[in-house]
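Enquirer: What follows is a structure written as structure tokens; I'll ask about it next.
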Amino acid sequence: MSTAALTETKSAPPVEKIKVKVDGREIEVPKTMPDPISGKPVPTTMIQACEIAKQEVPHYCYHPKLPVVGNCRMCLVEYGTPALGPDRKPVFNPDGTPKIAKSPRPAISCATPISPGMEIYTSTPGVKQMREGVLESLLINHPLDCTICDQAGECKLQEYSVDHGQSASRFVEAKVHKPKAVDLGPRIMLDAERCILCTRCIRFTKDIAGDDALGIINRGSFNTIATFPGMPFDNNYTLNTVDLCPVGALTSKDFRFKMRVWFLKETKSLCTSCGTGCNTVIGSREEKIQRYTPRENDAVNGPWMCDAGRLNYKWIGRDDRLKNVLVRGQKSTWTAALTEISEKLKNAPAGSVAIIASARQTNEELWLLSKLKAKLGAVSDSIARSGAEDKLLVSEDKNPNTNGARLTGICYTEMGINLVKIADGIAQGKIKTLIVFGENIIQRAVSNEKLRERETISEVVDEHGITAELLAKLDALIVSDILPNETTRLAHYLLPGCAHAEKRGTFTNVNGRVQKFMKAVEAPGDARAEWEFLHDLVFQVTGQNGFATMEGLFNTMAADVPAFKGLAWASLGDTGVTVEI
């Protein structure tokens with residue numbers, strides 16, 4: 001059996017199902033579903049059955065990944081259950097179908113379990129009237145400021161008021177005015193007037209992030225979300241509350257008033273801040289990245305994302321990006337530079353070339369470098385990065401593709417063990433040519449803020465003994481990177497590369513999940529995706545060809561790398577496939 005997709009192929013125990021009807025259509029639904037917090041099986045609810053039936057039930061407080069509280073009442077539905085006679089036996093209609101006794105009271109579908117034979121009605125006149133009433137109540141004190149609200153275009157109150165509300169308001173009294181632009185913490189702003197008290201933010205912070213920092217103060221119409229006195233709302237997951245907020249009450253200071261969401265182009269991508277590989281959506285406009293938001297993948301990050309990874313995009317648009325191909329400090333062209341480099345590599349004696357490739361490069365780029373390594377008899381390695389981790393999403397491994405570097409053969413089981421060997425080879429004059437991709441190899445310890453201006457935990461780069469004086473002994477230093485650093489300034493050949501948002505490719509996360517990401521924006525100047533010019537270089541040096549597209553490159557790599565056998569670009573889908581590592 002293929003080593004790919006081991007997790008997906010494991011057989012799951014059979015799930016007990018029961019039959020219910022949703023708006024007259026009979027469906028089978030699981031009797032129980034996992035609790036979002038404990039993971040233990042709990043009875044399936046009406047709203048979950050409606051979701052399986054693809055019948056929308058509007059809701060505010062309910063979220064499939066949060067504990068149920070049932071406080072917004074927006075998901076009220078009518079229902080019926082099989083009627084029982086005096087003998088407690090089912091009563092049947094003349095045609096033999098069970099007779100349904102409709103409940104005189106509605107039920108909140110988010111908290112009401114289903115039962116065999118139940119019928120759920122989501123669009124009766126009574127249900128529509130109840131939704132109108134709930135919306136009218138929620139809008140009593142809500143400000144009419146949709147035109148200036150930062151949530152416009154993503155607001156469920158706005159959407160539901162159009163789909164399920166009344167066309168005119170009967171409210172003529174003065175609205176209650178609550179605090180506006182309340183600074184909750186370093187990344188979150190609160191507009192209390194817009195809050196509908198769904199408590200999603202409170203439940204996420206307490207039950208998911210493990211930081212019981214938010215609560216409700218005051219009474220009645222003056223209820224509002226607040227932090228404990230003198231305690232700012234500041235953990236590494238605060239921006240998830242902005243995603244969860246169904247209205248414009250909680251907004252991100254980073255994205256606040258920056259861009260209307262309907263102008264954004266959305267691209268499926270991955271977070272590169274650590275080895276977890278959270279699935280993301282890049283929002284961009286006119287070749288500029290405006291924000292990252294999490295993309296749901298239960299096998300990796302669920303619907304969540306840490307604040308550090310979410311804000312780790314500004315370095316991509318820095319003004320000092322490497323934009324030109326340089327040969328010995330002079331501007332050149334890709335054709336001229338690659339031709340000269342390939343001639344040097346083809347004529348290099350075996351063992352005189354070394355490769356240091358970043359575990360921030362894609363699987364495909366690392367595999368192409370491994371082809372150069374095999375042809376040249378080169379020694380190669382990658383640089384390990386480590387930092388603080390947490391119990392939710394943040395990994396200790398600060399490289400997004402450590403497993404990719406191992407599986408493609410660029411580094412060994414223990415990353416970094418060949419770096420000293422490379423340094424000694426240069427010092428002894430054995431290594432004359434050094435190829436460096438995506439690493440500032442001169443630095444010993446680097447913080448993310450200094451290296452990429454990232455708003456995340458500092459990372460530690462292991463000591464490897466390579467200095468500027470040592471690099472001066474090389475005949476050829478070939479460097480590809482995105483931002484300038486000490487290593488790029490010493491390069492004989494400087495090849496400007498791309499950030500992950502500017503190309504396509506795959507990463508293999510710490511759990512062995514191979515995931516692809518797509519191109520969101522164009523790279524500046526002459527910068528090219530590394531796999532594109534590496535393909536040209538590998539062809540000129542080794543003669544290996546046959547992959548003019550990313551799809552072809554991935555499929556060729558998958559056939560060559562044992563761990564990836566059986567995979568194809570198309571089979572990865574949007575959420576990836578787990579392989580054995």
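Identifiers in this document derive from the order of the structure tokens: chains are assigned A, B, ..., residues are numbered from 1 separately in each chain, and ligands are numbered from 1 in order of occurrence.
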From range 397-507 of chain A, collect each residue whose DSSP state is helix (DSSP H, G or I) and return the set as number ranges by chain.

Expert: A: 402-407, 419-427, 448-452, 468-471, 486-490, 500-502

Enquirer: Where does DSSP see strand (DSSP E or B) in range 488-559 of chain A, if you list the residues as a list in words?

Expert: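 Put together, the selection reads Tyr493, Leu494, Leu495, Pro496, Gly505, Thr506, Phe507, Thr508, Arg513, Val514, Gln515, Lys516 and Phe517 of chain A.
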
Enquirer: Kindly save the residues from that selection, with N, CA and C atoms included, as a PDB file, in the first residue's frame.

Expert:
```
ATOM      1  N   TYR A 493      26.707  35.890  -7.060  1.00  0.00           N
ATOM      2  CA  TYR A 493      25.499  35.795  -7.883  1.00  0.00           C
ATOM      3  C   TYR A 493      24.297  35.910  -6.955  1.00  0.00           C
ATOM      4  N   LEU A 494      23.498  36.955  -7.188  1.00  0.00           N
ATOM      5  CA  LEU A 494      22.326  37.166  -6.341  1.00  0.00           C
ATOM      6  C   LEU A 494      21.071  37.007  -7.188  1.00  0.00           C
ATOM      7  N   LEU A 495      20.241  36.029  -6.788  1.00  0.00           N
ATOM      8  CA  LEU A 495      19.030  35.687  -7.528  1.00  0.00           C
ATOM      9  C   LEU A 495      17.808  36.016  -6.671  1.00  0.00           C
ATOM     10  N   PRO A 496      17.046  37.066  -7.014  1.00  0.00           N
ATOM     11  CA  PRO A 496      15.905  37.465  -6.184  1.00  0.00           C
ATOM     12  C   PRO A 496      14.763  36.454  -6.253  1.00  0.00           C
ATOM     13  N   GLY A 505       3.098  26.158  -4.620  1.00  0.00           N
ATOM     14  CA  GLY A 505       3.965  25.086  -4.155  1.00  0.00           C
ATOM     15  C   GLY A 505       3.328  24.335  -3.015  1.00  0.00           C
ATOM     16  N   THR A 506       4.132  23.486  -2.345  1.00  0.00           N
ATOM     17  CA  THR A 506       3.635  22.709  -1.208  1.00  0.00           C
ATOM     18  C   THR A 506       4.637  22.736  -0.061  1.00  0.00           C
ATOM     19  N   PHE A 507       4.121  22.591   1.145  1.00  0.00           N
ATOM     20  CA  PHE A 507       4.914  22.391   2.347  1.00  0.00           C
ATOM     21  C   PHE A 507       4.465  21.086   3.006  1.00  0.00           C
ATOM     22  N   THR A 508       5.349  20.502   3.803  1.00  0.00           N
ATOM     23  CA  THR A 508       4.998  19.329   4.619  1.00  0.00           C
ATOM     24  C   THR A 508       5.128  19.739   6.078  1.00  0.00           C
ATOM     25  N   ARG A 513       1.716  16.444   7.003  1.00  0.00           N
ATOM     26  CA  ARG A 513       0.626  16.764   6.080  1.00  0.00           C
ATOM     27  C   ARG A 513       1.166  17.621   4.942  1.00  0.00           C
ATOM     28  N   VAL A 514       1.016  17.117   3.729  1.00  0.00           N
ATOM     29  CA  VAL A 514       1.460  17.821   2.527  1.00  0.00           C
ATOM     30  C   VAL A 514       0.312  18.723   2.074  1.00  0.00           C
ATOM     31  N   GLN A 515       0.570  20.037   2.044  1.00  0.00           N
ATOM     32  CA  GLN A 515      -0.476  21.003   1.715  1.00  0.00           C
ATOM     33  C   GLN A 515       0.025  21.972   0.650  1.00  0.00           C
ATOM     34  N   LYS A 516      -0.865  22.358  -0.231  1.00  0.00           N
ATOM     35  CA  LYS A 516      -0.469  23.285  -1.279  1.00  0.00           C
ATOM     36  C   LYS A 516      -0.987  24.692  -0.993  1.00  0.00           C
ATOM     37  N   PHE A 517      -0.315  25.654  -1.588  1.00  0.00           N
ATOM     38  CA  PHE A 517      -0.736  27.044  -1.473  1.00  0.00           C
ATOM     39  C   PHE A 517      -0.687  27.669  -2.858  1.00  0.00           C
TER      40      PHE A 517
END
```

Enquirer: Residues at most 12 Å from Lys421 in chain A, counting only C-alpha atoms, excluding those fewer than 3 positions away in the same chain, as a ChimeraX atom specification?

Expert: /A:354-356,378-381,416-418,424-428,430-431,464-466

Enquirer: Write out, as a compact mmCIF listing (two decimals), in the first residue's frame, the residues just selected, with C-alpha atoms.

Expert:
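Result went into out-v5.txt, see below:
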```txt
# COMPACT_ATOMS: atom_id res chain seq x y z
CA ALA A 354 27.96 22.75 -0.90
CA ILE A 355 24.28 23.65 -0.61
CA ILE A 356 22.50 25.31 2.30
CA ALA A 378 27.58 18.20 -2.93
CA VAL A 379 27.19 18.21 0.83
CA SER A 380 23.96 19.92 1.90
CA ASP A 381 22.00 20.97 4.96
CA GLY A 416 22.14 21.28 10.91
CA ILE A 417 24.70 18.53 11.54
CA ASN A 418 26.48 19.23 8.22
CA ASP A 424 35.45 23.29 7.70
CA GLY A 425 35.40 22.44 3.97
CA ILE A 426 35.47 26.12 3.06
CA ALA A 427 38.26 26.82 5.56
CA GLN A 428 40.37 23.96 4.17
CA LYS A 430 37.91 21.85 -0.36
CA ILE A 431 34.60 23.63 -0.93
CA HIS A 464 27.33 26.89 12.62
CA GLY A 465 30.65 28.75 12.44
CA ILE A 466 30.22 30.41 9.03
```

Enquirer: What's around Leu250 in chain A at 8 Å? Count only C-alpha atoms, leave out sequence neighbours fewer than 3 positions away in its own chain, and write the answer as a PyMOL selection string.

Expert: chain A and resi 188-191+241-242+245+247

Enquirer: Output all heavy atoms of each residue in that selection to a file, as an mmCIF file, in the first residue's frame.

Expert:
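Resulting contents of result_17.cif:
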```cif
data_model
loop_
_atom_site.group_PDB
_atom_site.id
_atom_site.type_symbol
_atom_site.label_atom_id
_atom_site.label_comp_id
_atom_site.auth_asym_id
_atom_site.auth_seq_id
_atom_site.Cartn_x
_atom_site.Cartn_y
_atom_site.Cartn_z
ATOM 1 N N ILE A 188 -7.132 44.590 19.332
ATOM 2 C CA ILE A 188 -8.598 44.539 19.228
ATOM 3 C C ILE A 188 -9.238 45.845 19.668
ATOM 4 O O ILE A 188 -8.885 46.414 20.698
ATOM 5 C CB ILE A 188 -9.163 43.393 20.094
ATOM 6 C CG1 ILE A 188 -8.593 42.053 19.653
ATOM 7 C CG2 ILE A 188 -10.684 43.375 20.025
ATOM 8 C CD1 ILE A 188 -9.050 41.590 18.300
ATOM 9 N N MET A 189 -10.199 46.313 18.854
ATOM 10 C CA MET A 189 -11.009 47.475 19.192
ATOM 11 C C MET A 189 -12.471 47.034 19.306
ATOM 12 O O MET A 189 -12.942 46.217 18.509
ATOM 13 C CB MET A 189 -10.876 48.548 18.113
ATOM 14 C CG MET A 189 -11.447 49.894 18.503
ATOM 15 S SD MET A 189 -10.411 50.768 19.715
ATOM 16 C CE MET A 189 -9.076 51.328 18.662
ATOM 17 N N LEU A 190 -13.183 47.581 20.299
ATOM 18 C CA LEU A 190 -14.583 47.222 20.541
ATOM 19 C C LEU A 190 -15.495 48.416 20.311
ATOM 20 O O LEU A 190 -15.235 49.515 20.810
ATOM 21 C CB LEU A 190 -14.760 46.719 21.982
ATOM 22 C CG LEU A 190 -16.206 46.589 22.493
ATOM 23 C CD1 LEU A 190 -16.940 45.482 21.748
ATOM 24 C CD2 LEU A 190 -16.241 46.342 24.000
ATOM 25 N N ASP A 191 -16.556 48.188 19.553
ATOM 26 C CA ASP A 191 -17.650 49.149 19.430
ATOM 27 C C ASP A 191 -18.849 48.516 20.115
ATOM 28 O O ASP A 191 -19.550 47.686 19.532
ATOM 29 C CB ASP A 191 -17.946 49.454 17.958
ATOM 30 C CG ASP A 191 -18.927 50.604 17.796
ATOM 31 O OD1 ASP A 191 -19.843 50.721 18.637
ATOM 32 O OD2 ASP A 191 -18.791 51.386 16.842
ATOM 33 N N THR A 241 -11.388 36.340 17.649
ATOM 34 C CA THR A 241 -12.678 36.884 18.071
ATOM 35 C C THR A 241 -13.247 37.828 17.020
ATOM 36 O O THR A 241 -14.465 37.993 16.923
ATOM 37 C CB THR A 241 -12.547 37.619 19.422
ATOM 38 O OG1 THR A 241 -11.647 38.727 19.290
ATOM 39 C CG2 THR A 241 -12.029 36.676 20.499
ATOM 40 N N VAL A 242 -12.372 38.449 16.216
ATOM 41 C CA VAL A 242 -12.850 39.295 15.123
ATOM 42 C C VAL A 242 -13.538 38.432 14.063
ATOM 43 O O VAL A 242 -14.590 38.797 13.531
ATOM 44 C CB VAL A 242 -11.676 40.087 14.513
ATOM 45 C CG1 VAL A 242 -12.147 40.895 13.304
ATOM 46 C CG2 VAL A 242 -11.052 40.998 15.556
ATOM 47 N N CYS A 245 -16.942 37.273 15.568
ATOM 48 C CA CYS A 245 -17.962 38.297 15.796
ATOM 49 C C CYS A 245 -18.866 38.408 14.577
ATOM 50 O O CYS A 245 -18.401 38.718 13.473
ATOM 51 C CB CYS A 245 -17.295 39.643 16.087
ATOM 52 S SG CYS A 245 -18.480 40.943 16.523
ATOM 53 N N VAL A 247 -21.056 40.595 13.928
ATOM 54 C CA VAL A 247 -21.350 42.002 13.615
ATOM 55 C C VAL A 247 -20.039 42.784 13.644
ATOM 56 O O VAL A 247 -18.960 42.206 13.663
ATOM 57 C CB VAL A 247 -22.383 42.574 14.606
ATOM 58 C CG1 VAL A 247 -23.732 41.894 14.424
ATOM 59 C CG2 VAL A 247 -21.922 42.401 16.055
#
```

Enquirer: Please identify all polymer residues within 9 Å of range 25-27 of chain A, counting only C-alpha atoms, omitting same-chain residues fewer than 3 positions from it, and present them as a PyMOL selection string.

Expert: chain A and resi 18-22+49+52-53+119

Enquirer: Please list as a list of chain:residue names every residue within 9 Å of range 559-575 of chain A, counting only C-alpha atoms and excluding residues in the same chain fewer than 4 positions away.

Expert: A:Ser2, A:Thr3, A:Ala4, A:Ala5, A:Lys268, A:Asn279, A:Glu296, A:Asn297, A:Asp298, A:Ala299, A:Val300, A:Trp367, A:Leu407, A:Thr408, A:Gly409, A:Arg513, A:Val514, A:Gln515, A:Lys516, A:Phe517, A:Met550, A:Glu551, A:Gly552, A:Phe554, A:Asn555, A:Val579, A:Glu580, A:Ile581

Enquirer: Report as a JSON list (two decimals) with N, CA, C and O atoms, in the first residue's frame all protein, DNA and RNA residues lying within 10 Å of Arg285 in chain A, evaluated on only C-alpha atoms, omitting residues in the same chain fewer than 3 positions from it.

Expert:
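Saved to selection35.json:
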```
[["chain", "number", "residue", "atom", "x", "y", "z"],
["A", 259, "MET", "N", -9.63, 48.54, 4.20],
["A", 259, "MET", "CA", -10.12, 48.11, 2.88],
["A", 259, "MET", "C", -11.51, 47.52, 3.01],
["A", 259, "MET", "O", -11.79, 46.78, 3.96],
["A", 261, "VAL", "N", -14.10, 44.79, 2.21],
["A", 261, "VAL", "CA", -13.79, 43.39, 1.94],
["A", 261, "VAL", "C", -14.23, 42.95, 0.54],
["A", 261, "VAL", "O", -13.68, 42.00, -0.01],
["A", 263, "PHE", "N", -13.67, 44.38, -2.12],
["A", 263, "PHE", "CA", -12.62, 44.70, -3.08],
["A", 263, "PHE", "C", -11.48, 43.69, -3.04],
["A", 263, "PHE", "O", -10.59, 43.71, -3.89],
["A", 264, "LEU", "N", -11.46, 42.82, -2.03],
["A", 264, "LEU", "CA", -10.33, 41.92, -1.84],
["A", 264, "LEU", "C", -10.40, 40.70, -2.76],
["A", 264, "LEU", "O", -11.47, 40.12, -2.96],
["A", 265, "LYS", "N", -9.26, 40.33, -3.28],
["A", 265, "LYS", "CA", -9.12, 39.04, -3.96],
["A", 265, "LYS", "C", -8.67, 38.03, -2.91],
["A", 265, "LYS", "O", -7.70, 38.28, -2.19],
["A", 266, "GLU", "N", -9.37, 36.92, -2.80],
["A", 266, "GLU", "CA", -9.05, 35.93, -1.77],
["A", 266, "GLU", "C", -8.33, 34.73, -2.40],
["A", 266, "GLU", "O", -8.78, 34.17, -3.40],
["A", 282, "ILE", "N", -5.45, 34.62, 1.91],
["A", 282, "ILE", "CA", -4.77, 35.91, 1.75],
["A", 282, "ILE", "C", -5.73, 36.86, 1.05],
["A", 282, "ILE", "O", -6.22, 36.59, -0.05],
["A", 288, "LYS", "N", -1.17, 44.06, -3.53],
["A", 288, "LYS", "CA", -0.76, 44.36, -2.16],
["A", 288, "LYS", "C", -1.57, 43.52, -1.19],
["A", 288, "LYS", "O", -2.80, 43.48, -1.27],
["A", 289, "ILE", "N", -0.87, 42.85, -0.28],
["A", 289, "ILE", "CA", -1.56, 42.02, 0.71],
["A", 289, "ILE", "C", -2.14, 42.91, 1.80],
["A", 289, "ILE", "O", -1.45, 43.76, 2.37],
["A", 290, "GLN", "N", -3.42, 42.69, 2.09],
["A", 290, "GLN", "CA", -4.12, 43.50, 3.08],
["A", 290, "GLN", "C", -4.33, 42.76, 4.40],
["A", 290, "GLN", "O", -4.35, 43.38, 5.46],
["A", 520, "ALA", "N", -0.94, 34.66, -4.73],
["A", 520, "ALA", "CA", -1.88, 35.74, -4.43],
["A", 520, "ALA", "C", -1.50, 37.04, -5.13],
["A", 520, "ALA", "O", -2.37, 37.76, -5.63],
["A", 521, "VAL", "N", -0.21, 37.37, -5.15],
["A", 521, "VAL", "CA", 0.24, 38.64, -5.73],
["A", 521, "VAL", "C", 1.47, 38.41, -6.59],
["A", 521, "VAL", "O", 2.13, 37.36, -6.50]]
```

Enquirer: Taking only C-alpha atoms into account, name the residue in A:Val541, A:Val479, A:Met415, A:Leu322 that is nearest to Leu345 in chain A.

Expert: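 Closest to Leu345 in chain A of all the choices is A:Val541.
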
Enquirer: Which residues of range 294-397 of chain A come within 9 Å of range 434-440 of chain A, and for each one, what is the closest pair of atoms and their distance in Å to one decimal, counting only C-alpha atoms, sorted by chain and residue number, as JSON lines?

Expert:
```
{"residue": "A:Ser352", "atom": "CA", "partner": "A:Leu434", "partner_atom": "CA", "distance": 8.6}
{"residue": "A:Val353", "atom": "CA", "partner": "A:Leu434", "partner_atom": "CA", "distance": 5.8}
{"residue": "A:Ala354", "atom": "CA", "partner": "A:Leu434", "partner_atom": "CA", "distance": 4.9}
{"residue": "A:Ile355", "atom": "CA", "partner": "A:Ile435", "partner_atom": "CA", "distance": 4.7}
{"residue": "A:Ile356", "atom": "CA", "partner": "A:Val436", "partner_atom": "CA", "distance": 4.8}
{"residue": "A:Ala357", "atom": "CA", "partner": "A:Phe437", "partner_atom": "CA", "distance": 4.7}
{"residue": "A:Ser358", "atom": "CA", "partner": "A:Gly438", "partner_atom": "CA", "distance": 5.2}
{"residue": "A:Ala359", "atom": "CA", "partner": "A:Gly438", "partner_atom": "CA", "distance": 8.4}
{"residue": "A:Arg360", "atom": "CA", "partner": "A:Gly438", "partner_atom": "CA", "distance": 7.2}
{"residue": "A:Gln361", "atom": "CA", "partner": "A:Gly438", "partner_atom": "CA", "distance": 7.2}
{"residue": "A:Ser382", "atom": "CA", "partner": "A:Glu439", "partner_atom": "CA", "distance": 8.8}
{"residue": "A:Ile383", "atom": "CA", "partner": "A:Glu439", "partner_atom": "CA", "distance": 7.9}
```

Enquirer: Take the residues just selected and output them with C-alpha atoms as a PDB file, in the first residue's frame.

Expert:
```pdb
ATOM      1  CA  SER A 352      33.725  21.151  -4.263  1.00  0.00           C
ATOM      2  CA  VAL A 353      30.137  22.415  -4.015  1.00  0.00           C
ATOM      3  CA  ALA A 354      27.964  22.747  -0.904  1.00  0.00           C
ATOM      4  CA  ILE A 355      24.279  23.653  -0.612  1.00  0.00           C
ATOM      5  CA  ILE A 356      22.504  25.314   2.302  1.00  0.00           C
ATOM      6  CA  ALA A 357      18.767  25.387   1.602  1.00  0.00           C
ATOM      7  CA  SER A 358      16.179  26.934   3.886  1.00  0.00           C
ATOM      8  CA  ALA A 359      13.382  24.830   5.303  1.00  0.00           C
ATOM      9  CA  ARG A 360      11.251  27.799   4.293  1.00  0.00           C
ATOM     10  CA  GLN A 361      11.541  26.698   0.676  1.00  0.00           C
ATOM     11  CA  SER A 382      19.322  23.270   6.345  1.00  0.00           C
ATOM     12  CA  ILE A 383      19.246  25.530   9.376  1.00  0.00           C
TER      13      ILE A 383
END
```

Enquirer: What is the distance between CA of Arg385 in chain A and CA of Pro524 in chain A, in Å to one decimal?

Expert: 27.4 Å

Enquirer: Between CA of Trp315 in chain A and CA of Lys391 in chain A, what distance in Å does the model show, to one decimal?

Expert: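 Pair CA of Trp315 in chain A / CA of Lys391 in chain A returns 27.1 Å.
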